[in-house]
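Data block for start16.csv (CSV, C-alpha atoms and all ligand atoms):
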chain,number,residue,atom,x,y,z
L,14,MET,CA,6.3,-30.6,74.9
L,15,LYS,CA,4.0,-31.1,72.0
L,16,ILE,CA,6.2,-31.7,69.1
L,17,GLY,CA,4.8,-31.5,65.5
L,18,ILE,CA,6.3,-32.9,62.3
L,19,LEU,CA,5.3,-31.0,59.2
L,20,LYS,CA,4.7,-32.6,55.8
L,21,GLU,CA,7.1,-31.0,53.3
L,22,PRO,CA,6.1,-29.3,50.1
L,23,ASP,CA,5.5,-31.5,47.0
L,24,PHE,CA,9.0,-31.1,45.6
L,25,GLU,CA,10.6,-32.5,48.7
L,26,GLN,CA,10.8,-36.2,49.5
L,27,ARG,CA,12.5,-36.0,52.9
L,28,VAL,CA,10.7,-35.6,56.2
L,29,ALA,CA,12.2,-34.0,59.4
L,30,LEU,CA,11.8,-37.0,61.6
L,31,LEU,CA,11.2,-40.7,60.9
L,32,PRO,CA,9.3,-43.1,63.2
L,33,LEU,CA,12.6,-44.4,64.6
L,34,HIS,CA,13.4,-40.9,65.9
L,35,ILE,CA,10.0,-40.5,67.6
L,36,LYS,CA,10.5,-43.3,70.1
L,37,LYS,CA,13.4,-41.4,71.6
L,38,LEU,CA,11.4,-38.2,72.1
L,39,LEU,CA,8.4,-40.1,73.5
L,40,ALA,CA,10.7,-41.7,76.1
L,41,SER,CA,11.5,-38.3,77.6
L,42,GLY,CA,7.8,-37.5,78.0
L,43,ASN,CA,7.0,-35.5,74.9
L,44,GLU,CA,3.9,-35.8,72.8
L,45,LEU,CA,4.3,-36.3,69.0
L,46,LEU,CA,1.9,-34.9,66.4
L,47,VAL,CA,2.5,-35.8,62.8
L,48,GLU,CA,0.8,-34.3,59.8
L,49,HIS,CA,-1.0,-36.9,57.7
L,50,ASP,CA,1.3,-38.4,55.0
L,51,ALA,CA,4.3,-36.5,56.2
L,52,GLY,CA,6.7,-39.4,55.8
L,53,GLU,CA,5.1,-41.1,52.8
L,54,LYS,CA,7.7,-40.1,50.3
L,55,ALA,CA,10.4,-41.2,52.6
L,56,PHE,CA,8.7,-44.6,52.8
L,57,SER,CA,7.5,-44.1,56.4
L,58,PHE,CA,3.7,-44.3,56.5
L,59,ASP,CA,1.1,-43.0,58.9
L,60,LYS,CA,0.7,-46.4,60.5
L,61,ASP,CA,4.5,-46.6,61.2
L,62,TYR,CA,4.3,-43.2,63.0
L,63,GLU,CA,1.2,-44.4,64.9
L,64,ASP,CA,2.9,-47.7,65.8
L,65,ALA,CA,5.8,-45.7,67.2
L,66,GLY,CA,3.4,-43.8,69.4
L,67,ALA,CA,2.6,-40.6,67.4
L,68,GLN,CA,-0.8,-39.1,66.8
L,69,MET,CA,-1.6,-38.3,63.1
L,70,VAL,CA,-3.3,-34.9,62.7
L,71,SER,CA,-4.3,-32.4,60.0
L,72,ARG,CA,-2.0,-29.5,59.1
L,73,GLN,CA,-4.3,-27.1,60.7
L,74,GLU,CA,-4.4,-29.0,63.9
L,75,LEU,CA,-0.6,-29.2,63.9
L,76,PHE,CA,-0.2,-25.5,63.6
L,77,LYS,CA,-2.8,-25.0,66.4
L,78,LYS,CA,-1.5,-27.6,68.9
L,79,ALA,CA,2.3,-28.1,68.5
L,80,GLY,CA,4.6,-26.1,70.8
L,81,ILE,CA,7.5,-27.0,68.5
L,82,LEU,CA,7.1,-27.4,64.8
L,83,LEU,CA,9.7,-29.4,63.0
L,84,GLY,CA,10.3,-29.3,59.2
L,85,ILE,CA,12.9,-28.8,56.5
L,86,HIS,CA,11.4,-26.1,54.3
L,87,LEU,CA,9.6,-23.0,55.7
L,88,PRO,CA,5.8,-23.1,55.7
L,89,SER,CA,3.8,-20.6,53.7
L,90,GLU,CA,3.5,-16.9,54.9
L,91,LYS,CA,-0.2,-17.5,55.7
L,92,GLU,CA,0.7,-20.4,57.9
L,93,LEU,CA,3.5,-18.4,59.6
L,94,ASP,CA,0.9,-15.7,60.3
L,95,SER,CA,-1.1,-18.2,62.2
L,96,LEU,CA,1.8,-19.0,64.6
L,97,GLU,CA,1.5,-17.8,68.2
L,98,GLU,CA,4.5,-16.0,69.9
L,99,ASN,CA,5.1,-19.0,72.2
L,100,GLN,CA,5.5,-21.5,69.3
L,101,ILE,CA,8.9,-22.6,68.0
L,102,LEU,CA,9.8,-23.4,64.4
L,103,ILE,CA,12.8,-25.4,63.5
L,104,GLY,CA,14.0,-26.0,59.9
L,105,VAL,CA,16.3,-24.8,57.2
L,106,VAL,CA,15.6,-21.2,56.4
L,107,ASP,CA,18.8,-20.4,54.5
L,108,PRO,CA,18.8,-17.0,56.2
L,109,LEU,CA,22.1,-15.8,54.5
L,110,ALA,CA,20.2,-15.8,51.3
L,111,SER,CA,16.8,-14.8,52.6
L,112,LEU,CA,17.1,-12.0,55.1
L,113,GLU,CA,13.5,-10.9,54.2
L,114,LYS,CA,12.2,-14.1,55.7
L,115,VAL,CA,14.2,-13.5,58.8
L,116,LYS,CA,12.8,-10.0,59.2
L,117,TYR,CA,9.3,-11.3,58.7
L,118,LEU,CA,9.8,-14.0,61.4
L,119,LYS,CA,11.3,-11.4,63.7
L,120,GLU,CA,8.4,-9.0,63.2
L,121,LYS,CA,5.9,-11.8,63.8
L,122,GLY,CA,7.5,-12.5,67.2
L,123,VAL,CA,7.7,-16.2,66.6
L,124,THR,CA,10.8,-18.2,67.7
L,125,ALA,CA,12.7,-19.7,64.8
L,126,PHE,CA,15.9,-21.7,64.5
L,127,SER,CA,17.7,-22.4,61.3
L,128,LEU,CA,19.7,-25.6,61.3
L,129,ASP,CA,21.9,-24.5,58.4
L,130,ILE,CA,23.6,-21.8,60.5
L,131,ILE,CA,24.6,-23.9,63.5
L,132,PRO,CA,28.2,-22.8,64.3
L,133,ARG,CA,30.8,-25.3,63.1
L,134,ILE,CA,32.3,-26.1,66.4
L,135,SER,CA,33.2,-29.7,67.5
L,136,ARG,CA,30.3,-29.9,69.9
L,137,ALA,CA,27.9,-29.1,67.1
L,138,GLN,CA,29.1,-31.8,64.7
L,139,ASP,CA,26.2,-34.2,65.5
L,140,LYS,CA,23.8,-31.4,64.8
L,141,ASP,CA,25.3,-30.3,61.5
L,142,ILE,CA,22.7,-30.8,58.8
L,143,LEU,CA,25.0,-29.1,56.2
L,144,SER,CA,27.6,-31.8,56.6
L,145,SER,CA,25.1,-34.7,56.5
L,146,MET,CA,23.2,-33.4,53.5
L,147,ALA,CA,26.5,-32.7,51.7
L,148,THR,CA,27.5,-36.3,52.3
L,149,VAL,CA,24.3,-37.4,50.5
L,150,ALA,CA,24.9,-34.9,47.7
L,151,GLY,CA,28.5,-35.9,47.1
L,152,TYR,CA,27.6,-39.6,46.9
L,153,ARG,CA,24.6,-39.1,44.7
L,154,ALA,CA,26.4,-36.7,42.3
L,155,VAL,CA,29.0,-39.4,41.5
L,156,LEU,CA,26.2,-42.0,40.8
L,157,GLU,CA,24.4,-39.5,38.5
L,158,ALA,CA,27.7,-38.8,36.6
L,159,ALA,CA,28.3,-42.6,36.3
L,160,MET,CA,24.9,-43.1,34.8
L,161,LEU,CA,25.2,-40.2,32.3
L,162,LEU,CA,28.8,-41.0,31.3
L,163,PRO,CA,29.0,-43.0,28.0
L,164,ARG,CA,31.9,-45.0,29.4
L,165,PHE,CA,32.9,-47.1,32.4
L,166,PHE,CA,34.3,-45.7,35.6
L,167,PRO,CA,36.6,-48.7,36.4
L,168,MET,CA,39.4,-50.2,34.4
L,169,PHE,CA,38.5,-53.4,32.6
L,170,MET,CA,40.9,-55.9,31.1
L,171,THR,CA,38.8,-58.2,29.0
L,172,ALA,CA,39.1,-60.4,25.9
L,173,ALA,CA,37.4,-57.5,24.1
L,174,GLY,CA,40.2,-55.2,25.0
L,175,THR,CA,41.3,-53.0,27.8
L,176,ILE,CA,39.1,-50.2,29.1
L,177,ARG,CA,41.0,-47.3,30.7
L,178,PRO,CA,39.4,-46.0,34.0
L,179,ALA,CA,37.5,-42.7,33.8
L,180,LYS,CA,39.2,-39.6,35.0
L,181,VAL,CA,37.2,-37.6,37.5
L,182,LEU,CA,38.0,-34.0,38.7
L,183,ILE,CA,36.5,-32.7,41.9
L,184,LEU,CA,36.5,-29.0,42.5
L,185,GLY,CA,36.1,-28.1,46.2
L,186,ALA,CA,37.1,-30.8,48.7
L,187,GLY,CA,34.8,-30.0,51.6
L,188,VAL,CA,32.3,-32.5,52.9
L,189,ALA,CA,30.5,-33.1,49.6
L,190,GLY,CA,33.8,-33.1,47.6
L,191,LEU,CA,35.5,-35.6,49.9
L,192,GLN,CA,32.4,-37.9,49.7
L,193,ALA,CA,32.5,-37.6,45.9
L,194,ILE,CA,36.1,-38.5,45.9
L,195,ALA,CA,35.5,-41.6,48.1
L,196,THR,CA,32.5,-42.7,45.9
L,197,ALA,CA,34.3,-42.2,42.6
L,198,ARG,CA,37.4,-44.1,43.9
L,199,ARG,CA,35.1,-47.0,45.0
L,200,LEU,CA,33.8,-47.1,41.5
L,201,GLY,CA,37.3,-47.4,40.2
L,202,ALA,CA,37.9,-44.0,38.7
L,203,ARG,CA,41.2,-42.0,38.7
L,204,VAL,CA,40.4,-38.9,40.8
L,205,GLU,CA,42.0,-35.5,41.1
L,206,ALA,CA,40.8,-32.8,43.4
L,207,PHE,CA,41.3,-29.1,43.9
L,208,ASP,CA,40.5,-26.7,46.8
L,209,VAL,CA,41.7,-23.3,47.9
L,210,ARG,CA,42.2,-24.6,51.5
L,211,SER,CA,45.6,-26.3,51.5
L,212,GLU,CA,44.7,-28.2,54.7
L,213,VAL,CA,42.5,-30.6,52.7
L,214,LYS,CA,45.5,-32.0,50.7
L,215,GLU,CA,46.1,-34.7,53.2
L,216,GLN,CA,42.5,-35.7,53.3
L,217,VAL,CA,42.3,-35.8,49.5
L,218,GLU,CA,45.4,-38.0,49.3
L,219,SER,CA,44.3,-40.3,52.1
L,220,LEU,CA,41.2,-41.1,49.9
L,221,GLY,CA,43.4,-42.1,47.0
L,222,ALA,CA,43.1,-39.0,44.9
L,223,LYS,CA,45.7,-36.6,43.6
L,224,PHE,CA,45.6,-33.0,45.0
L,225,VAL,CA,46.0,-30.4,42.3
L,226,GLU,CA,48.0,-27.5,43.9
L,227,LEU,CA,48.0,-23.8,43.1
L,228,GLU,CA,49.9,-21.5,45.4
L,229,GLY,CA,48.8,-18.1,46.5
L,230,ALA,CA,45.3,-18.8,47.8
L,231,GLN,CA,44.0,-16.6,50.7
L,232,GLU,CA,43.1,-18.7,53.7
L,233,ASP,CA,41.5,-17.4,56.9
L,234,ASN,CA,41.7,-19.6,60.0
L,235,SER,CA,38.9,-17.5,61.6
L,236,ALA,CA,36.5,-18.5,58.8
L,237,GLY,CA,35.4,-21.7,60.8
L,238,GLY,CA,36.9,-24.1,58.2
L,239,TYR,CA,35.3,-22.3,55.3
L,240,ALA,CA,36.9,-20.8,52.3
L,241,VAL,CA,37.1,-17.1,51.7
L,242,ASP,CA,36.9,-15.0,48.5
L,243,GLN,CA,40.0,-15.0,46.4
L,244,SER,CA,41.8,-12.2,44.5
L,245,GLU,CA,41.1,-11.6,40.9
L,246,GLU,CA,44.6,-12.6,39.9
L,247,TYR,CA,44.3,-15.9,41.8
L,248,LYS,CA,40.9,-16.5,40.2
L,249,GLN,CA,42.4,-16.1,36.7
L,250,LYS,CA,45.2,-18.5,37.5
L,251,GLN,CA,42.8,-21.0,39.0
L,252,ARG,CA,40.5,-21.0,35.9
L,253,GLN,CA,43.5,-21.6,33.7
L,254,LEU,CA,44.6,-24.6,35.9
L,255,VAL,CA,41.1,-25.9,36.1
L,256,GLN,CA,40.8,-25.7,32.3
L,257,GLU,CA,44.0,-27.8,31.8
L,258,HIS,CA,42.7,-30.5,34.1
L,259,ALA,CA,39.0,-30.4,33.0
L,260,MET,CA,40.1,-30.8,29.3
L,261,GLU,CA,41.4,-34.3,30.2
L,262,SER,CA,38.6,-35.3,32.5
L,263,HIS,CA,35.5,-37.4,31.8
L,264,VAL,CA,33.6,-36.1,34.8
L,265,VAL,CA,33.9,-32.9,36.7
L,266,ILE,CA,32.0,-32.5,40.0
L,267,THR,CA,32.0,-29.0,41.4
L,268,THR,CA,31.2,-28.3,45.0
L,269,ALA,CA,32.9,-24.9,45.7
L,270,GLN,CA,31.0,-22.5,47.8
L,271,ILE,CA,31.6,-19.5,50.0
L,272,PRO,CA,28.9,-19.1,52.7
L,273,GLY,CA,26.6,-16.1,52.0
L,274,LYS,CA,28.2,-15.4,48.7
L,275,LYS,CA,27.7,-16.3,45.0
L,276,ALA,CA,29.6,-19.5,44.2
L,277,PRO,CA,32.9,-18.8,42.4
L,278,ILE,CA,33.0,-19.5,38.6
L,279,LEU,CA,35.7,-22.2,38.1
L,280,ILE,CA,34.6,-23.5,34.7
L,281,THR,CA,34.1,-21.0,31.9
L,282,LYS,CA,32.2,-21.5,28.7
L,283,GLU,CA,35.6,-21.7,27.0
L,284,THR,CA,36.6,-24.6,29.3
L,285,VAL,CA,33.4,-26.5,28.5
L,286,GLU,CA,34.1,-26.0,24.8
L,287,LYS,CA,37.5,-27.7,25.2
L,288,MET,CA,36.2,-30.6,27.2
L,289,LEU,CA,35.9,-34.2,25.9
L,290,PRO,CA,32.8,-35.1,24.0
L,291,GLY,CA,30.5,-37.2,26.3
L,292,ALA,CA,32.0,-35.6,29.4
L,293,VAL,CA,29.7,-34.8,32.4
L,294,ILE,CA,29.7,-31.8,34.7
L,295,ILE,CA,27.7,-32.1,37.9
L,296,ASP,CA,27.5,-28.7,39.6
L,297,LEU,CA,26.5,-29.0,43.2
L,298,ALA,CA,26.8,-25.3,43.7
L,299,ALA,CA,23.9,-24.7,41.2
L,300,SER,CA,21.6,-23.2,43.8
L,301,THR,CA,24.1,-20.5,44.7
L,302,GLY,CA,24.9,-19.5,41.1
L,303,GLY,CA,26.9,-22.5,40.0
L,304,ASN,CA,30.7,-23.1,39.6
L,305,CYS,CA,30.2,-23.5,35.9
L,306,GLU,CA,29.3,-20.5,33.8
L,307,LEU,CA,26.8,-22.5,31.8
L,308,THR,CA,24.9,-24.2,34.7
L,309,LYS,CA,21.2,-23.8,34.8
L,310,ALA,CA,19.8,-24.4,38.3
L,311,GLY,CA,17.6,-27.5,38.4
L,312,GLU,CA,18.3,-28.5,34.8
L,313,THR,CA,20.3,-31.1,33.0
L,314,TYR,CA,21.2,-30.3,29.4
L,315,SER,CA,23.9,-30.9,26.8
L,316,PHE,CA,26.3,-28.1,25.5
L,317,ASN,CA,28.8,-28.9,22.9
L,318,HIS,CA,28.4,-32.7,23.7
L,319,VAL,CA,29.1,-32.1,27.4
L,320,TYR,CA,26.3,-32.8,29.9
L,321,ILE,CA,25.8,-30.0,32.4
L,322,VAL,CA,23.8,-31.0,35.5
L,323,GLY,CA,22.7,-28.2,37.7
L,324,GLN,CA,21.3,-30.1,40.6
L,325,SER,CA,21.4,-29.1,44.2
L,326,ALA,CA,18.5,-31.1,45.5
L,327,TYR,CA,20.2,-34.6,45.7
L,328,PRO,CA,19.4,-35.1,49.4
L,329,SER,CA,15.7,-35.2,48.5
L,330,SER,CA,16.4,-38.0,46.0
L,331,MET,CA,17.6,-40.3,48.8
L,332,PRO,CA,14.8,-39.6,51.3
L,333,ILE,CA,15.3,-42.6,53.6
L,334,ASP,CA,18.9,-42.1,54.6
L,335,ALA,CA,18.8,-38.3,54.1
L,336,SER,CA,15.8,-38.1,56.5
L,337,SER,CA,17.5,-40.5,58.9
L,338,MET,CA,20.6,-38.3,59.0
L,339,TYR,CA,18.6,-35.0,59.2
L,340,GLY,CA,16.5,-36.5,62.0
L,341,ASN,CA,19.5,-37.6,64.0
L,342,ASN,CA,20.9,-34.1,63.7
L,343,LEU,CA,17.6,-32.6,64.7
L,344,LEU,CA,17.2,-34.9,67.7
L,345,SER,CA,20.6,-33.9,68.9
L,346,PHE,CA,19.7,-30.2,68.5
L,347,LEU,CA,16.4,-30.8,70.4
L,348,ASN,CA,18.3,-32.3,73.2
L,349,LEU,CA,19.8,-28.9,73.8
L,350,MET,CA,16.4,-27.3,74.4
L,351,ILE,CA,14.2,-30.0,75.9
L,352,ASN,CA,15.2,-31.7,79.2
L,353,ASP,CA,14.7,-35.3,80.2
L,354,GLN,CA,11.2,-34.5,81.6
L,355,GLY,CA,10.1,-33.1,78.2
L,356,GLU,CA,10.2,-29.5,79.4
L,357,LEU,CA,11.4,-26.6,77.3
L,358,ASN,CA,14.6,-24.9,78.4
L,359,LEU,CA,15.9,-22.3,75.9
L,360,ASP,CA,19.4,-21.4,77.1
L,361,PHE,CA,20.7,-18.5,75.0
L,362,GLU,CA,24.0,-18.7,76.8
L,363,ASP,CA,24.6,-21.9,74.7
L,364,GLU,CA,26.4,-20.8,71.5
L,365,ILE,CA,24.6,-23.4,69.4
L,366,ILE,CA,21.1,-22.2,70.5
L,367,LYS,CA,22.1,-18.6,70.3
L,368,GLN,CA,23.8,-18.6,66.9
L,369,SER,CA,21.1,-20.7,65.2
L,370,CYS,CA,18.2,-18.5,66.5
L,371,ILE,CA,17.0,-16.2,63.8
L,372,ALA,CA,14.0,-14.9,65.7
L,373,HIS,CA,12.9,-14.9,69.3
L,374,GLN,CA,10.7,-12.3,71.0
L,375,HIS,CA,11.2,-9.8,68.1
L,376,GLU,CA,15.0,-10.2,68.3
L,377,VAL,CA,17.6,-11.8,66.0
L,378,TYR,CA,20.0,-13.7,68.2
L,379,SER,CA,22.4,-15.1,65.6
L,380,GLU,CA,25.2,-12.5,65.5
L,381,ARG,CA,26.1,-13.5,61.9
L,382,ILE,CA,22.5,-12.8,60.7
L,383,LYS,CA,22.1,-9.8,62.9
L,384,SER,CA,25.2,-8.1,61.4
L,385,LEU,CA,24.1,-9.0,57.9
L,386,ILE,CA,20.7,-7.3,58.5
L,387,GLU,CA,22.4,-4.2,60.1
L,388,ASN,CA,24.7,-3.9,57.0
L,389,THR,CA,22.0,-4.1,54.4
M,1,LIG,P1,31.3,-25.5,51.5
M,1,LIG,O1,30.1,-26.3,51.1
M,1,LIG,O2,31.1,-24.0,52.0
M,1,LIG,O3,32.4,-25.5,50.4
M,1,LIG,C1,32.9,-26.6,49.8
M,1,LIG,C2,34.3,-26.6,49.5
M,1,LIG,O4,34.6,-25.6,48.4
M,1,LIG,C3,35.2,-26.1,50.7
M,1,LIG,O5,36.2,-27.1,50.9
M,1,LIG,C4,35.9,-24.8,50.2
M,1,LIG,O6,37.2,-24.7,50.6
M,1,LIG,C5,35.9,-25.0,48.7
M,1,LIG,N1,36.0,-23.8,47.9
M,1,LIG,C6,35.5,-22.6,48.1
M,1,LIG,N2,35.9,-21.7,47.1
M,1,LIG,C7,36.7,-22.4,46.3
M,1,LIG,C8,37.4,-22.1,45.1
M,1,LIG,N3,37.4,-20.9,44.6
M,1,LIG,N4,38.1,-23.1,44.5
M,1,LIG,C9,38.1,-24.4,45.0
M,1,LIG,N5,37.5,-24.7,46.1
M,1,LIG,C10,36.8,-23.8,46.7
M,1,LIG,O7,32.0,-26.2,52.8
M,1,LIG,P2,31.8,-27.5,53.6
M,1,LIG,O8,32.1,-28.7,52.7
M,1,LIG,O9,30.4,-27.5,54.1
M,1,LIG,O10,32.8,-27.4,54.8
M,1,LIG,C11,34.1,-26.9,54.6
M,1,LIG,C12,34.9,-27.3,55.8
M,1,LIG,O11,34.3,-26.8,57.0
M,1,LIG,C13,35.1,-28.8,56.1
M,1,LIG,O12,35.9,-29.4,55.2
M,1,LIG,C14,35.5,-28.7,57.5
M,1,LIG,O13,36.9,-28.4,57.6
M,1,LIG,C15,34.7,-27.6,58.1
M,1,LIG,N6,33.6,-28.2,58.8
M,1,LIG,C16,33.6,-28.1,60.2
M,1,LIG,C17,32.5,-28.7,60.9
M,1,LIG,C18,32.5,-28.7,62.4
M,1,LIG,O14,33.5,-28.6,63.1
M,1,LIG,N7,31.3,-28.8,63.0
M,1,LIG,C19,31.5,-29.3,60.2
M,1,LIG,C20,31.5,-29.3,58.9
M,1,LIG,C21,32.6,-28.7,58.2

What's the structure tokens form of this structure?
Amino acid sequence: MKIGILKEPDFEQRVALLPLHIKKLLASGNELLVEHDAGEKAFSFDKDYEDAGAQMVSRQELFKKAGILLGIHLPSEKELDSLEENQILIGVVDPLASLEKVKYLKEKGVTAFSLDIIPRISRAQDKDILSSMATVAGYRAVLEAAMLLPRFFPMFMTAAGTIRPAKVLILGAGVAGLQAIATARRLGARVEAFDVRSEVKEQVESLGAKFVELEGAQEDNSAGGYAVDQSEEYKQKQRQLVQEHAMESHVVITTAQIPGKKAPILITKETVEKMLPGAVIIDLAASTGGNCELTKAGETYSFNHVYIVGQSAYPSSMPIDASSMYGNNLLSFLNLMINDQGELNLDFEDEIIKQSCIAHQHEVYSERIKSLIENT
């Protein structure tokens, strides 16, 4: 197969595959085409790709020659227009929030896979870009909070007095939340965490944090490990409980999301008004509406002496490791569709292939996306 690696838009520092990933694909007989400067912001330069055995090409050439195009963000509509029906595009389309893009790809007749909707089954763990990028985000969020906080994270006993450790509250103990707990603990903070899924209590405690409990949450075992929407009564109780804990915290990191829905509001304006001066809120759910009522997506600002950080793009700020993880996930995904001789074998009987396919021969294969389209 001729596999092409796209240069990402200016705001993105990651790249879909690094030179280290390329060697593995070349070994199974594929040809690698890489757009000029694709890896520059991830500190992988054209020469590194060439040394690994890839050919550097222009963007136009890439679209013309590559059988499979690999990226993170979707190319422009004009570029999508230039794709032939036998070309395959693999990236992160966020189809739950962008059904229009799915319909467009379907009408075009291209084949497109979105890595963010790979089913969360055990066999798919090494292909799960949501988990790997959430790991980066959870880690980076804590570091950003530590830099903004006008006090130490760890406890210090010095001749100049004793410094009490910072108190960190994590809302949502999924992949990002657990990583945030681990990172905040390593920096010496006292950590509390809250989640609607009671199964995470043990994981939270095993990382040395305290689990804040609130009974009455709705849980659904068929939701694939995800949370489901809660009743209005529960949400009220939850906001009250969060307020009590947030008022005593120096840092609050929120990661609570429900796939395909707006993020739940856990921190109200009233809660922020009652928080400690100098406290920091990092809202990792900013791109889906935010867990804090006052979050502004992509912005950091101060309200009533509390920093509110609305960042969701942390993976881009750690492009070397984030690209390495993304590339490993992508390689593992490609293994499902390219055999050892470098030949394409699209097997729609395979759940991972089928459920991540948002367009192929004018059809949407992902059942989740298909039913969303039918119901809108
Ligand atoms: P996510 O990003 O959708 O949500 C983050 C966390 O927010 C979740 O733990 C969720 O329970 C929590 N949350 C949602 N609403 C909340 C609310 N109102 N209050 C408090 N917390 C709330 O989820 P994620 O981190 O990507 O994954 C969640 C879980 O999925 C994992 O912990 C794991 O069990 C499962 N998972 C499975 C696989 C796999 O098997 N391949 C891979 C990754 C994750």

Interatomic distance, CA of Ala79 in chain L to CA of Ile382 in chain L (Å, one decimal) =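 The value is 26.5 Å.
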
inquiry  = I need the residue nearest ligand LIG 1 (chain M) from this list: L:Asp353, L:Asp242, L:Asp334, L:Glu376. Use only C-alpha atoms and all ligand atoms for the distance.
reply    =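 The shortest atom-to-atom distance to ligand LIG 1 (chain M) comes from L:Asp242.
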
ask   = CA of Asp23 in chain L and CA of Ala335 in chain L are how many Å apart?
value =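 So the answer is 16.5 Å.
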
key: For Val181 in chain L: contacts at 8 Å, only C-alpha atoms, fewer than 4 positions along chain excluded, given as a list in words   = Ala197, Ala202, Arg203, Val204, Glu205, Ser262, His263, Val264, Val265 and Ile266 of chain L

Write a file of the selected residues as a PDB file, in the frame of the given file, keeping C-alpha atoms.
ATOM      1  CA  ALA L 197      34.300 -42.200  42.600  1.00  0.00           C
ATOM      2  CA  ALA L 202      37.900 -44.000  38.700  1.00  0.00           C
ATOM      3  CA  ARG L 203      41.200 -42.000  38.700  1.00  0.00           C
ATOM      4  CA  VAL L 204      40.400 -38.900  40.800  1.00  0.00           C
ATOM      5  CA  GLU L 205      42.000 -35.500  41.100  1.00  0.00           C
ATOM      6  CA  SER L 262      38.600 -35.300  32.500  1.00  0.00           C
ATOM      7  CA  HIS L 263      35.500 -37.400  31.800  1.00  0.00           C
ATOM      8  CA  VAL L 264      33.600 -36.100  34.800  1.00  0.00           C
ATOM      9  CA  VAL L 265      33.900 -32.900  36.700  1.00  0.00           C
ATOM     10  CA  ILE L 266      32.000 -32.500  40.000  1.00  0.00           C
TER      11      ILE L 266
END

request  = Please extract the residues at most 8 Å from ligand LIG 1 (chain M), counting all atoms listed in the file, and provide them as JSON, numbers by chain, using the chain letters and residue numbers of this document.
outcome  = {"L": [132, 133, 134, 135, 136, 137, 138, 139, 141, 143, 144, 147, 184, 185, 186, 187, 188, 189, 190, 207, 208, 209, 210, 213, 237, 238, 239, 240, 241, 242, 243, 248, 251, 268, 269, 270, 271, 272, 276, 277, 278, 279]}

request  = Find the residue from L:Gln231, L:Asn342, L:Gln192, L:Ser211 that sits nearest to Val149 in chain L; use only C-alpha atoms when measuring.
outcome  =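 Distance minimum relative to Val149 in chain L lands on L:Gln192.
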
request  = Determine the nearest neighbour of Met260 in chain L from the options L:Lys91, L:Arg199, L:Arg27, L:Lys180, counting all atoms listed in the file.
outcome  =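 Going through L:Lys91, L:Arg199, L:Arg27, L:Lys180 one by one, the smallest distance to Met260 in chain L is for L:Lys180.
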
query = What separation in Å, quoted to one decimal, exists between CA of Met288 in chain L and CA of Gly201 in chain L?
reply = 21.3 Å

query = Which residue out of L:Val106, L:Lys20, L:Asp61, L:Ala51 has the minimum interatomic distance to Ala372 in chain L when only C-alpha atoms are used?
reply =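 Ranking L:Val106, L:Lys20, L:Asp61, L:Ala51 by distance to Ala372 in chain L, first place goes to L:Val106.
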
task = Counting all atoms listed in the file, note down every residue that has an atom within 12 Å of the point (15.4, -32.1, 75.4) (file coordinates), as a PyMOL selection string.
result = chain L and resi 14-16+37-43+81+343-360
